[in-house]
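One file, model.pdb, carrying PDB, C-alpha atoms:
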```pdb
ATOM      1  CA  MET O   3       0.000   0.000   0.000  1.00  0.00           C
ATOM      2  CA  LYS O   4       2.851   2.386   0.850  1.00  0.00           C
ATOM      3  CA  LYS O   5       4.477   1.716  -2.525  1.00  0.00           C
ATOM      4  CA  LEU O   6       1.224   2.511  -4.317  1.00  0.00           C
ATOM      5  CA  LEU O   7       0.854   5.727  -2.311  1.00  0.00           C
ATOM      6  CA  VAL O   8       4.458   6.749  -3.188  1.00  0.00           C
ATOM      7  CA  ILE O   9       3.825   5.979  -6.876  1.00  0.00           C
ATOM      8  CA  ILE O  10       0.579   8.001  -6.854  1.00  0.00           C
ATOM      9  CA  ILE O  11       2.311  10.937  -5.159  1.00  0.00           C
ATOM     10  CA  LEU O  12       5.173  10.782  -7.660  1.00  0.00           C
ATOM     11  CA  LEU O  13       2.697  10.672 -10.560  1.00  0.00           C
ATOM     12  CA  LEU O  14       0.781  13.629  -9.122  1.00  0.00           C
ATOM     13  CA  VAL O  15       4.033  15.591  -8.699  1.00  0.00           C
ATOM     14  CA  ALA O  16       5.014  14.695 -12.284  1.00  0.00           C
ATOM     15  CA  VAL O  17       1.611  15.826 -13.609  1.00  0.00           C
ATOM     16  CA  LEU O  18       1.843  19.019 -11.526  1.00  0.00           C
ATOM     17  CA  MET O  19       5.364  19.671 -12.836  1.00  0.00           C
ATOM     18  CA  THR O  20       4.228  19.071 -16.422  1.00  0.00           C
ATOM     19  CA  MET O  21       1.302  21.446 -16.036  1.00  0.00           C
ATOM     20  CA  THR O  22       3.355  24.188 -14.374  1.00  0.00           C
ATOM     21  CA  VAL O  23       6.382  24.294 -16.712  1.00  0.00           C
ATOM     22  CA  PRO O  24       6.941  28.016 -17.453  1.00  0.00           C
ATOM     23  CA  ASP O  25       6.950  29.218 -21.058  1.00  0.00           C
ATOM     24  CA  LYS O  26       9.731  31.067 -22.903  1.00  0.00           C
ATOM     25  CA  GLN O  27       8.172  34.467 -22.143  1.00  0.00           C
ATOM     26  CA  LYS O  28       8.264  33.784 -18.416  1.00  0.00           C
ATOM     27  CA  HIS O  29      11.958  32.868 -18.715  1.00  0.00           C
ATOM     28  CA  LYS O  30      12.655  36.143 -20.556  1.00  0.00           C
ATOM     29  CA  GLU O  31      10.793  38.176 -17.953  1.00  0.00           C
ATOM     30  CA  ALA O  32      12.696  36.531 -15.087  1.00  0.00           C
ATOM     31  CA  MET O  33      16.037  37.044 -16.838  1.00  0.00           C
ATOM     32  CA  MET O  34      15.267  40.669 -17.695  1.00  0.00           C
ATOM     33  CA  GLU O  35      14.357  41.285 -14.057  1.00  0.00           C
ATOM     34  CA  ALA O  36      17.687  39.816 -12.944  1.00  0.00           C
ATOM     35  CA  ILE O  37      19.569  41.772 -15.627  1.00  0.00           C
ATOM     36  CA  ASN O  38      17.816  45.038 -14.693  1.00  0.00           C
ATOM     37  CA  GLU O  39      18.716  44.479 -11.062  1.00  0.00           C
ATOM     38  CA  TYR O  40      22.340  43.696 -11.923  1.00  0.00           C
ATOM     39  CA  VAL O  41      22.729  46.639 -14.342  1.00  0.00           C
ATOM     40  CA  GLU O  42      21.078  49.000 -11.848  1.00  0.00           C
ATOM     41  CA  GLU O  43      23.451  47.904  -9.093  1.00  0.00           C
ATOM     42  CA  GLU O  44      26.568  48.059 -11.292  1.00  0.00           C
ATOM     43  CA  ALA O  45      25.699  51.410 -12.880  1.00  0.00           C
ATOM     44  CA  THR O  46      24.875  53.024  -9.541  1.00  0.00           C
ATOM     45  CA  GLU O  47      28.090  51.669  -8.047  1.00  0.00           C
ATOM     46  CA  LYS O  48      30.299  52.817 -10.926  1.00  0.00           C
ATOM     47  CA  LEU O  49      28.502  55.842 -12.419  1.00  0.00           C
ATOM     48  CA  GLY O  50      26.329  57.129  -9.584  1.00  0.00           C
ATOM     49  CA  ASP O  51      22.684  58.051  -9.968  1.00  0.00           C
ATOM     50  CA  ASN O  52      22.581  60.623 -12.755  1.00  0.00           C
ATOM     51  CA  VAL O  53      20.955  61.083 -16.149  1.00  0.00           C
ATOM     52  CA  LEU O  54      23.876  59.585 -18.090  1.00  0.00           C
ATOM     53  CA  ALA O  55      23.892  56.506 -15.861  1.00  0.00           C
ATOM     54  CA  LYS O  56      20.154  56.033 -16.410  1.00  0.00           C
ATOM     55  CA  LEU O  57      20.570  56.479 -20.155  1.00  0.00           C
ATOM     56  CA  GLY O  58      23.473  54.024 -20.206  1.00  0.00           C
ATOM     57  CA  LYS O  59      21.497  51.487 -18.166  1.00  0.00           C
ATOM     58  CA  GLY O  60      18.596  51.766 -20.578  1.00  0.00           C
ATOM     59  CA  VAL O  61      20.832  51.173 -23.592  1.00  0.00           C
ATOM     60  CA  ILE O  62      22.546  48.176 -21.965  1.00  0.00           C
ATOM     61  CA  VAL O  63      19.252  46.581 -20.902  1.00  0.00           C
ATOM     62  CA  LYS O  64      17.700  47.139 -24.350  1.00  0.00           C
ATOM     63  CA  THR O  65      20.785  45.631 -26.061  1.00  0.00           C
ATOM     64  CA  ILE O  66      20.686  42.563 -23.819  1.00  0.00           C
ATOM     65  CA  GLU O  67      16.936  42.212 -24.321  1.00  0.00           C
ATOM     66  CA  THR O  68      17.357  42.338 -28.111  1.00  0.00           C
ATOM     67  CA  ALA O  69      20.119  39.728 -27.930  1.00  0.00           C
ATOM     68  CA  LEU O  70      17.949  37.511 -25.716  1.00  0.00           C
ATOM     69  CA  ASN O  71      15.015  37.771 -28.121  1.00  0.00           C
ATOM     70  CA  SER O  72      17.111  36.612 -31.056  1.00  0.00           C
ATOM     71  CA  LYS O  73      19.479  34.107 -29.423  1.00  0.00           C
ATOM     72  CA  LEU O  74      17.525  32.574 -26.550  1.00  0.00           C
ATOM     73  CA  LYS O  75      16.720  28.890 -27.048  1.00  0.00           C
ATOM     74  CA  ILE O  76      14.539  26.723 -24.823  1.00  0.00           C
ATOM     75  CA  ASP O  77      14.761  22.986 -24.206  1.00  0.00           C
ATOM     76  CA  ASN O  78      11.595  21.433 -22.821  1.00  0.00           C
ATOM     77  CA  TYR O  79      11.933  18.243 -20.758  1.00  0.00           C
ATOM     78  CA  TYR O  80       8.186  18.014 -19.900  1.00  0.00           C
ATOM     79  CA  LEU O  81       8.787  18.143 -16.133  1.00  0.00           C
ATOM     80  CA  PHE O  82      11.025  21.215 -16.409  1.00  0.00           C
ATOM     81  CA  ASN O  83      12.673  23.322 -19.061  1.00  0.00           C
ATOM     82  CA  LYS O  84      15.820  25.346 -19.430  1.00  0.00           C
ATOM     83  CA  THR O  85      16.952  28.237 -21.597  1.00  0.00           C
ATOM     84  CA  TYR O  86      20.359  28.797 -23.071  1.00  0.00           C
ATOM     85  CA  VAL O  87      22.282  30.909 -25.557  1.00  0.00           C
ATOM     86  CA  ARG O  88      25.140  29.774 -27.734  1.00  0.00           C
ATOM     87  CA  LEU O  89      28.334  31.661 -26.816  1.00  0.00           C
ATOM     88  CA  GLU O  90      31.759  30.897 -28.220  1.00  0.00           C
ATOM     89  CA  GLY O  91      30.564  27.573 -29.599  1.00  0.00           C
ATOM     90  CA  GLU O  92      29.091  26.424 -26.281  1.00  0.00           C
ATOM     91  CA  ASN O  93      25.544  26.390 -24.939  1.00  0.00           C
ATOM     92  CA  GLN O  94      25.415  28.590 -21.836  1.00  0.00           C
ATOM     93  CA  MET O  95      22.450  27.773 -19.592  1.00  0.00           C
ATOM     94  CA  LEU O  96      20.664  30.891 -18.389  1.00  0.00           C
ATOM     95  CA  SER O  97      17.626  29.654 -16.488  1.00  0.00           C
ATOM     96  CA  LEU O  98      15.743  26.624 -15.267  1.00  0.00           C
ATOM     97  CA  GLY O  99      11.950  26.521 -15.056  1.00  0.00           C
ATOM     98  CA  MET O 100       9.771  24.223 -12.929  1.00  0.00           C
ATOM     99  CA  PHE O 101       6.648  24.415 -10.766  1.00  0.00           C
ATOM    100  CA  GLY O 102       5.689  27.681 -12.488  1.00  0.00           C
ATOM    101  CA  HIS O 103       8.884  29.389 -11.329  1.00  0.00           C
ATOM    102  CA  VAL O 104      12.002  30.398 -13.256  1.00  0.00           C
ATOM    103  CA  PHE O 105      15.352  30.107 -11.501  1.00  0.00           C
ATOM    104  CA  THR O 106      17.856  32.438 -13.131  1.00  0.00           C
ATOM    105  CA  PHE O 107      21.569  32.862 -12.767  1.00  0.00           C
ATOM    106  CA  ASP O 108      22.764  34.814  -9.772  1.00  0.00           C
ATOM    107  CA  LYS O 109      24.489  38.193  -9.965  1.00  0.00           C
ATOM    108  CA  GLU O 110      27.944  36.686  -9.586  1.00  0.00           C
ATOM    109  CA  MET O 111      27.371  34.319 -12.492  1.00  0.00           C
ATOM    110  CA  LEU O 112      26.006  37.196 -14.597  1.00  0.00           C
ATOM    111  CA  ARG O 113      28.998  39.365 -13.694  1.00  0.00           C
ATOM    112  CA  GLU O 114      31.336  36.493 -14.546  1.00  0.00           C
ATOM    113  CA  LYS O 115      29.630  35.826 -17.898  1.00  0.00           C
ATOM    114  CA  LEU O 116      29.629  39.512 -18.831  1.00  0.00           C
ATOM    115  CA  GLU O 117      33.288  39.829 -17.860  1.00  0.00           C
ATOM    116  CA  GLU O 118      34.112  36.681 -19.860  1.00  0.00           C
ATOM    117  CA  SER O 119      32.210  38.081 -22.818  1.00  0.00           C
ATOM    118  CA  MET O 120      33.990  41.441 -22.543  1.00  0.00           C
ATOM    119  CA  LYS O 121      37.341  39.694 -22.134  1.00  0.00           C
ATOM    120  CA  ALA O 122      36.638  37.554 -25.207  1.00  0.00           C
ATOM    121  CA  LYS O 123      35.685  40.698 -27.143  1.00  0.00           C
ATOM    122  CA  GLU O 124      38.874  42.431 -25.987  1.00  0.00           C
ATOM    123  CA  GLU O 125      40.952  39.401 -26.963  1.00  0.00           C
ATOM    124  CA  ALA O 126      39.259  39.258 -30.360  1.00  0.00           C
ATOM    125  CA  LYS O 127      39.849  42.998 -30.755  1.00  0.00           C
ATOM    126  CA  SER O 128      43.508  42.587 -29.742  1.00  0.00           C
ATOM    127  CA  GLU O 129      43.929  39.694 -32.171  1.00  0.00           C
ATOM    128  CA  LYS O 130      42.287  41.730 -34.915  1.00  0.00           C
ATOM    129  CA  GLU O 131      44.530  44.705 -34.156  1.00  0.00           C
ATOM    130  CA  ALA O 132      47.594  42.427 -34.071  1.00  0.00           C
ATOM    131  CA  ALA O 133      46.593  40.889 -37.404  1.00  0.00           C
ATOM    132  CA  LYS O 134      46.014  44.376 -38.803  1.00  0.00           C
ATOM    133  CA  ALA O 135      49.409  45.520 -37.498  1.00  0.00           C
ATOM    134  CA  SER O 136      51.059  42.404 -38.962  1.00  0.00           C
ATOM    135  CA  ALA O 137      49.384  43.000 -42.308  1.00  0.00           C
ATOM    136  CA  LYS O 138      50.458  46.643 -42.205  1.00  0.00           C
ATOM    137  CA  GLU O 139      54.023  45.647 -41.325  1.00  0.00           C
ATOM    138  CA  LEU O 140      54.038  43.036 -44.087  1.00  0.00           C
ATOM    139  CA  LYS O 141      52.776  45.637 -46.560  1.00  0.00           C
ATOM    140  CA  ARG O 142      55.461  48.076 -45.382  1.00  0.00           C
ATOM    141  CA  LEU O 143      58.163  45.398 -45.761  1.00  0.00           C
ATOM    142  CA  GLN O 144      56.892  44.495 -49.237  1.00  0.00           C
ATOM    143  CA  LYS O 145      56.898  48.162 -50.202  1.00  0.00           C
ATOM    144  CA  GLU O 146      60.425  48.502 -48.827  1.00  0.00           C
ATOM    145  CA  GLN O 147      61.490  45.363 -50.742  1.00  0.00           C
ATOM    146  CA  LYS O 148      60.014  46.742 -53.981  1.00  0.00           C
ATOM    147  CA  LYS O 149      61.790  50.035 -53.363  1.00  0.00           C
ATOM    148  CA  ARG O 150      65.088  48.200 -52.823  1.00  0.00           C
ATOM    149  CA  GLU O 151      64.526  46.105 -55.931  1.00  0.00           C
ATOM    150  CA  LYS O 152      63.806  49.289 -57.924  1.00  0.00           C
ATOM    151  CA  GLU O 153      66.939  50.929 -56.548  1.00  0.00           C
ATOM    152  CA  LEU O 154      69.006  47.816 -57.355  1.00  0.00           C
ATOM    153  CA  ALA O 155      67.567  47.695 -60.878  1.00  0.00           C
ATOM    154  CA  LYS O 156      68.291  51.401 -61.286  1.00  0.00           C
ATOM    155  CA  GLU O 157      71.838  50.889 -59.967  1.00  0.00           C
ATOM    156  CA  ALA O 158      72.357  47.909 -62.287  1.00  0.00           C
ATOM    157  CA  LYS O 159      71.083  49.992 -65.243  1.00  0.00           C
ATOM    158  CA  ARG O 160      73.368  52.866 -64.267  1.00  0.00           C
ATOM    159  CA  LYS O 161      76.356  50.509 -64.001  1.00  0.00           C
ATOM    160  CA  ALA O 162      75.498  48.908 -67.344  1.00  0.00           C
ATOM    161  CA  LYS O 163      75.279  52.377 -68.898  1.00  0.00           C
ATOM    162  CA  GLU O 164      78.623  53.333 -67.335  1.00  0.00           C
ATOM    163  CA  ALA O 165      80.186  50.056 -68.516  1.00  0.00           C
ATOM    164  CA  LYS O 166      78.868  50.672 -72.043  1.00  0.00           C
ATOM    165  CA  LYS O 167      80.177  54.244 -71.933  1.00  0.00           C
ATOM    166  CA  GLU O 168      83.534  52.982 -70.648  1.00  0.00           C
ATOM    167  CA  ALA O 169      83.666  50.320 -73.387  1.00  0.00           C
ATOM    168  CA  LYS O 170      82.917  52.988 -75.998  1.00  0.00           C
ATOM    169  CA  ARG O 171      85.581  55.243 -74.528  1.00  0.00           C
ATOM    170  CA  LYS O 172      88.121  52.372 -74.530  1.00  0.00           C
ATOM    171  CA  ALA O 173      87.186  51.437 -78.099  1.00  0.00           C
ATOM    172  CA  LYS O 174      87.585  55.085 -79.131  1.00  0.00           C
ATOM    173  CA  GLU O 175      90.904  55.269 -77.282  1.00  0.00           C
ATOM    174  CA  GLU O 176      92.013  52.015 -78.926  1.00  0.00           C
ATOM    175  CA  LYS O 177      91.038  53.394 -82.333  1.00  0.00           C
ATOM    176  CA  ARG O 178      92.906  56.640 -81.638  1.00  0.00           C
ATOM    177  CA  ARG O 179      96.040  54.709 -80.572  1.00  0.00           C
ATOM    178  CA  ALA O 180      95.769  52.506 -83.643  1.00  0.00           C
ATOM    179  CA  LYS O 181      95.569  55.631 -85.842  1.00  0.00           C
ATOM    180  CA  GLU O 182      98.512  57.181 -84.026  1.00  0.00           C
ATOM    181  CA  ALA O 183     100.487  53.935 -84.351  1.00  0.00           C
ATOM    182  CA  GLU O 184      99.611  53.796 -88.066  1.00  0.00           C
ATOM    183  CA  LYS O 185     100.573  57.440 -88.473  1.00  0.00           C
ATOM    184  CA  GLU O 186     103.849  56.811 -86.633  1.00  0.00           C
ATOM    185  CA  ALA O 187     104.506  53.734 -88.764  1.00  0.00           C
ATOM    186  CA  ARG O 188     103.963  55.806 -91.950  1.00  0.00           C
ATOM    187  CA  ARG O 189     106.183  58.552 -90.676  1.00  0.00           C
ATOM    188  CA  LEU O 190     108.915  56.034 -89.852  1.00  0.00           C
ATOM    189  CA  ALA O 191     108.441  54.392 -93.233  1.00  0.00           C
ATOM    190  CA  LYS O 192     108.795  57.799 -94.951  1.00  0.00           C
ATOM    191  CA  GLU O 193     111.920  58.593 -92.987  1.00  0.00           C
ATOM    192  CA  ALA O 194     113.378  55.230 -93.808  1.00  0.00           C
ATOM    193  CA  ALA O 195     112.571  55.733 -97.506  1.00  0.00           C
ATOM    194  CA  LYS O 196     114.280  59.171 -97.489  1.00  0.00           C
ATOM    195  CA  GLY O 197     117.185  58.175 -95.603  1.00  0.00           C
TER
END
```

Re-express the file's structure as structure tokens.
Amino acid sequence: MKKLLVIIILLLVAVLMTMTVPDKQKHKEAMMEAINEYVEEEATEKLGDNVLAKLGKGVIVKTIETALNSKLKIDNYYLFNKTYVRLEGENQMLSLGMFGHVFTFDKEMLREKLEESMKAKEEAKSEKEAAKASAKELKRLQKEQKKREKELAKEAKRKAKEAKKEAKRKAKEEKRRAKEAEKEARRLAKEAAKG
């Protein structure tokens, strides 16, 4: 009899759980409440309670809400459900729903996730900047290499021109010497014929 009573109670609890599983909208509302509370606390702590802080809080909350609307996924397990978003290739669980209630992440987990997200963004930004700097440096080195190649080609052309000029000058000098030698040979031949 006790076993039957336990089974009936378990079945009733299972039926109750199935009937009271919160929907996606309830998950969003619970998460937005937690996010509003967290953003309010952080902004007040860091920026004080002024118009700019309120404006900044509104922008942050609206951005997160938009992201949640587009990226939030829900897995239903009949007795309970959970929501998650896909971050950095992993499913990050955000809330668990059962008995008509949504249990969301705590402030520390939210702070940790936001810091991780910001750190990942900073790392991605740093990597992008490093890649950009590397590409810029590579471009500069290629430009420098082209400039050197141009200068070397120009120098080689100049040397070839000088060598050609020098060869012409030597050929001209050789021709002049040959003429002088011929002239001298004629003069000597004339002197020998007279003498």

What do you get, as a CSV table (one decimal) with C-alpha atoms, keeping the file's coordinate frame, if you spell out every residue that the PyMOL selection byres ((chain O and resi 79-94) around 8) selects here?
```csv
chain,number,residue,atom,x,y,z
O,16,ALA,CA,5.0,14.7,-12.3
O,17,VAL,CA,1.6,15.8,-13.6
O,19,MET,CA,5.4,19.7,-12.8
O,20,THR,CA,4.2,19.1,-16.4
O,23,VAL,CA,6.4,24.3,-16.7
O,24,PRO,CA,6.9,28.0,-17.5
O,26,LYS,CA,9.7,31.1,-22.9
O,29,HIS,CA,12.0,32.9,-18.7
O,70,LEU,CA,17.9,37.5,-25.7
O,73,LYS,CA,19.5,34.1,-29.4
O,74,LEU,CA,17.5,32.6,-26.6
O,75,LYS,CA,16.7,28.9,-27.0
O,76,ILE,CA,14.5,26.7,-24.8
O,77,ASP,CA,14.8,23.0,-24.2
O,78,ASN,CA,11.6,21.4,-22.8
O,95,MET,CA,22.4,27.8,-19.6
O,96,LEU,CA,20.7,30.9,-18.4
O,97,SER,CA,17.6,29.7,-16.5
O,98,LEU,CA,15.7,26.6,-15.3
O,99,GLY,CA,12.0,26.5,-15.1
O,100,MET,CA,9.8,24.2,-12.9
O,101,PHE,CA,6.6,24.4,-10.8
```

| note | Correct to one decimal, the distance CA of Lys127 in chain O-CA of Val41 in chain O is 24.0 Å

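You can rank O:Val104, O:Ile9, O:Ile37, O:Met21 by their closest distance to Ile66 in chain O using all atoms listed in the file, and at the top of that list sits O:Ile37.
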
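Of note, CA of Thr65 in chain O and CA of Ala32 in chain O are spaced 16.4 Å apart.
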
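Here CA of Glu176 in chain O stands at a distance of 28.0 Å from CA of Ala195 in chain O.
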
Quick test: take range 53-171 of chain O, keep C-alpha atoms, and write it as a PDB file, in the first residue's frame.
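Contents of part39.pdb, freshly written:
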```pdb
ATOM      1  CA  VAL O  53      20.955  61.083 -16.149  1.00  0.00           C
ATOM      2  CA  LEU O  54      23.876  59.585 -18.090  1.00  0.00           C
ATOM      3  CA  ALA O  55      23.892  56.506 -15.861  1.00  0.00           C
ATOM      4  CA  LYS O  56      20.154  56.033 -16.410  1.00  0.00           C
ATOM      5  CA  LEU O  57      20.570  56.479 -20.155  1.00  0.00           C
ATOM      6  CA  GLY O  58      23.473  54.024 -20.206  1.00  0.00           C
ATOM      7  CA  LYS O  59      21.497  51.487 -18.166  1.00  0.00           C
ATOM      8  CA  GLY O  60      18.596  51.766 -20.578  1.00  0.00           C
ATOM      9  CA  VAL O  61      20.832  51.173 -23.592  1.00  0.00           C
ATOM     10  CA  ILE O  62      22.546  48.176 -21.965  1.00  0.00           C
ATOM     11  CA  VAL O  63      19.252  46.581 -20.902  1.00  0.00           C
ATOM     12  CA  LYS O  64      17.700  47.139 -24.350  1.00  0.00           C
ATOM     13  CA  THR O  65      20.785  45.631 -26.061  1.00  0.00           C
ATOM     14  CA  ILE O  66      20.686  42.563 -23.819  1.00  0.00           C
ATOM     15  CA  GLU O  67      16.936  42.212 -24.321  1.00  0.00           C
ATOM     16  CA  THR O  68      17.357  42.338 -28.111  1.00  0.00           C
ATOM     17  CA  ALA O  69      20.119  39.728 -27.930  1.00  0.00           C
ATOM     18  CA  LEU O  70      17.949  37.511 -25.716  1.00  0.00           C
ATOM     19  CA  ASN O  71      15.015  37.771 -28.121  1.00  0.00           C
ATOM     20  CA  SER O  72      17.111  36.612 -31.056  1.00  0.00           C
ATOM     21  CA  LYS O  73      19.479  34.107 -29.423  1.00  0.00           C
ATOM     22  CA  LEU O  74      17.525  32.574 -26.550  1.00  0.00           C
ATOM     23  CA  LYS O  75      16.720  28.890 -27.048  1.00  0.00           C
ATOM     24  CA  ILE O  76      14.539  26.723 -24.823  1.00  0.00           C
ATOM     25  CA  ASP O  77      14.761  22.986 -24.206  1.00  0.00           C
ATOM     26  CA  ASN O  78      11.595  21.433 -22.821  1.00  0.00           C
ATOM     27  CA  TYR O  79      11.933  18.243 -20.758  1.00  0.00           C
ATOM     28  CA  TYR O  80       8.186  18.014 -19.900  1.00  0.00           C
ATOM     29  CA  LEU O  81       8.787  18.143 -16.133  1.00  0.00           C
ATOM     30  CA  PHE O  82      11.025  21.215 -16.409  1.00  0.00           C
ATOM     31  CA  ASN O  83      12.673  23.322 -19.061  1.00  0.00           C
ATOM     32  CA  LYS O  84      15.820  25.346 -19.430  1.00  0.00           C
ATOM     33  CA  THR O  85      16.952  28.237 -21.597  1.00  0.00           C
ATOM     34  CA  TYR O  86      20.359  28.797 -23.071  1.00  0.00           C
ATOM     35  CA  VAL O  87      22.282  30.909 -25.557  1.00  0.00           C
ATOM     36  CA  ARG O  88      25.140  29.774 -27.734  1.00  0.00           C
ATOM     37  CA  LEU O  89      28.334  31.661 -26.816  1.00  0.00           C
ATOM     38  CA  GLU O  90      31.759  30.897 -28.220  1.00  0.00           C
ATOM     39  CA  GLY O  91      30.564  27.573 -29.599  1.00  0.00           C
ATOM     40  CA  GLU O  92      29.091  26.424 -26.281  1.00  0.00           C
ATOM     41  CA  ASN O  93      25.544  26.390 -24.939  1.00  0.00           C
ATOM     42  CA  GLN O  94      25.415  28.590 -21.836  1.00  0.00           C
ATOM     43  CA  MET O  95      22.450  27.773 -19.592  1.00  0.00           C
ATOM     44  CA  LEU O  96      20.664  30.891 -18.389  1.00  0.00           C
ATOM     45  CA  SER O  97      17.626  29.654 -16.488  1.00  0.00           C
ATOM     46  CA  LEU O  98      15.743  26.624 -15.267  1.00  0.00           C
ATOM     47  CA  GLY O  99      11.950  26.521 -15.056  1.00  0.00           C
ATOM     48  CA  MET O 100       9.771  24.223 -12.929  1.00  0.00           C
ATOM     49  CA  PHE O 101       6.648  24.415 -10.766  1.00  0.00           C
ATOM     50  CA  GLY O 102       5.689  27.681 -12.488  1.00  0.00           C
ATOM     51  CA  HIS O 103       8.884  29.389 -11.329  1.00  0.00           C
ATOM     52  CA  VAL O 104      12.002  30.398 -13.256  1.00  0.00           C
ATOM     53  CA  PHE O 105      15.352  30.107 -11.501  1.00  0.00           C
ATOM     54  CA  THR O 106      17.856  32.438 -13.131  1.00  0.00           C
ATOM     55  CA  PHE O 107      21.569  32.862 -12.767  1.00  0.00           C
ATOM     56  CA  ASP O 108      22.764  34.814  -9.772  1.00  0.00           C
ATOM     57  CA  LYS O 109      24.489  38.193  -9.965  1.00  0.00           C
ATOM     58  CA  GLU O 110      27.944  36.686  -9.586  1.00  0.00           C
ATOM     59  CA  MET O 111      27.371  34.319 -12.492  1.00  0.00           C
ATOM     60  CA  LEU O 112      26.006  37.196 -14.597  1.00  0.00           C
ATOM     61  CA  ARG O 113      28.998  39.365 -13.694  1.00  0.00           C
ATOM     62  CA  GLU O 114      31.336  36.493 -14.546  1.00  0.00           C
ATOM     63  CA  LYS O 115      29.630  35.826 -17.898  1.00  0.00           C
ATOM     64  CA  LEU O 116      29.629  39.512 -18.831  1.00  0.00           C
ATOM     65  CA  GLU O 117      33.288  39.829 -17.860  1.00  0.00           C
ATOM     66  CA  GLU O 118      34.112  36.681 -19.860  1.00  0.00           C
ATOM     67  CA  SER O 119      32.210  38.081 -22.818  1.00  0.00           C
ATOM     68  CA  MET O 120      33.990  41.441 -22.543  1.00  0.00           C
ATOM     69  CA  LYS O 121      37.341  39.694 -22.134  1.00  0.00           C
ATOM     70  CA  ALA O 122      36.638  37.554 -25.207  1.00  0.00           C
ATOM     71  CA  LYS O 123      35.685  40.698 -27.143  1.00  0.00           C
ATOM     72  CA  GLU O 124      38.874  42.431 -25.987  1.00  0.00           C
ATOM     73  CA  GLU O 125      40.952  39.401 -26.963  1.00  0.00           C
ATOM     74  CA  ALA O 126      39.259  39.258 -30.360  1.00  0.00           C
ATOM     75  CA  LYS O 127      39.849  42.998 -30.755  1.00  0.00           C
ATOM     76  CA  SER O 128      43.508  42.587 -29.742  1.00  0.00           C
ATOM     77  CA  GLU O 129      43.929  39.694 -32.171  1.00  0.00           C
ATOM     78  CA  LYS O 130      42.287  41.730 -34.915  1.00  0.00           C
ATOM     79  CA  GLU O 131      44.530  44.705 -34.156  1.00  0.00           C
ATOM     80  CA  ALA O 132      47.594  42.427 -34.071  1.00  0.00           C
ATOM     81  CA  ALA O 133      46.593  40.889 -37.404  1.00  0.00           C
ATOM     82  CA  LYS O 134      46.014  44.376 -38.803  1.00  0.00           C
ATOM     83  CA  ALA O 135      49.409  45.520 -37.498  1.00  0.00           C
ATOM     84  CA  SER O 136      51.059  42.404 -38.962  1.00  0.00           C
ATOM     85  CA  ALA O 137      49.384  43.000 -42.308  1.00  0.00           C
ATOM     86  CA  LYS O 138      50.458  46.643 -42.205  1.00  0.00           C
ATOM     87  CA  GLU O 139      54.023  45.647 -41.325  1.00  0.00           C
ATOM     88  CA  LEU O 140      54.038  43.036 -44.087  1.00  0.00           C
ATOM     89  CA  LYS O 141      52.776  45.637 -46.560  1.00  0.00           C
ATOM     90  CA  ARG O 142      55.461  48.076 -45.382  1.00  0.00           C
ATOM     91  CA  LEU O 143      58.163  45.398 -45.761  1.00  0.00           C
ATOM     92  CA  GLN O 144      56.892  44.495 -49.237  1.00  0.00           C
ATOM     93  CA  LYS O 145      56.898  48.162 -50.202  1.00  0.00           C
ATOM     94  CA  GLU O 146      60.425  48.502 -48.827  1.00  0.00           C
ATOM     95  CA  GLN O 147      61.490  45.363 -50.742  1.00  0.00           C
ATOM     96  CA  LYS O 148      60.014  46.742 -53.981  1.00  0.00           C
ATOM     97  CA  LYS O 149      61.790  50.035 -53.363  1.00  0.00           C
ATOM     98  CA  ARG O 150      65.088  48.200 -52.823  1.00  0.00           C
ATOM     99  CA  GLU O 151      64.526  46.105 -55.931  1.00  0.00           C
ATOM    100  CA  LYS O 152      63.806  49.289 -57.924  1.00  0.00           C
ATOM    101  CA  GLU O 153      66.939  50.929 -56.548  1.00  0.00           C
ATOM    102  CA  LEU O 154      69.006  47.816 -57.355  1.00  0.00           C
ATOM    103  CA  ALA O 155      67.567  47.695 -60.878  1.00  0.00           C
ATOM    104  CA  LYS O 156      68.291  51.401 -61.286  1.00  0.00           C
ATOM    105  CA  GLU O 157      71.838  50.889 -59.967  1.00  0.00           C
ATOM    106  CA  ALA O 158      72.357  47.909 -62.287  1.00  0.00           C
ATOM    107  CA  LYS O 159      71.083  49.992 -65.243  1.00  0.00           C
ATOM    108  CA  ARG O 160      73.368  52.866 -64.267  1.00  0.00           C
ATOM    109  CA  LYS O 161      76.356  50.509 -64.001  1.00  0.00           C
ATOM    110  CA  ALA O 162      75.498  48.908 -67.344  1.00  0.00           C
ATOM    111  CA  LYS O 163      75.279  52.377 -68.898  1.00  0.00           C
ATOM    112  CA  GLU O 164      78.623  53.333 -67.335  1.00  0.00           C
ATOM    113  CA  ALA O 165      80.186  50.056 -68.516  1.00  0.00           C
ATOM    114  CA  LYS O 166      78.868  50.672 -72.043  1.00  0.00           C
ATOM    115  CA  LYS O 167      80.177  54.244 -71.933  1.00  0.00           C
ATOM    116  CA  GLU O 168      83.534  52.982 -70.648  1.00  0.00           C
ATOM    117  CA  ALA O 169      83.666  50.320 -73.387  1.00  0.00           C
ATOM    118  CA  LYS O 170      82.917  52.988 -75.998  1.00  0.00           C
ATOM    119  CA  ARG O 171      85.581  55.243 -74.528  1.00  0.00           C
TER     120      ARG O 171
END
```
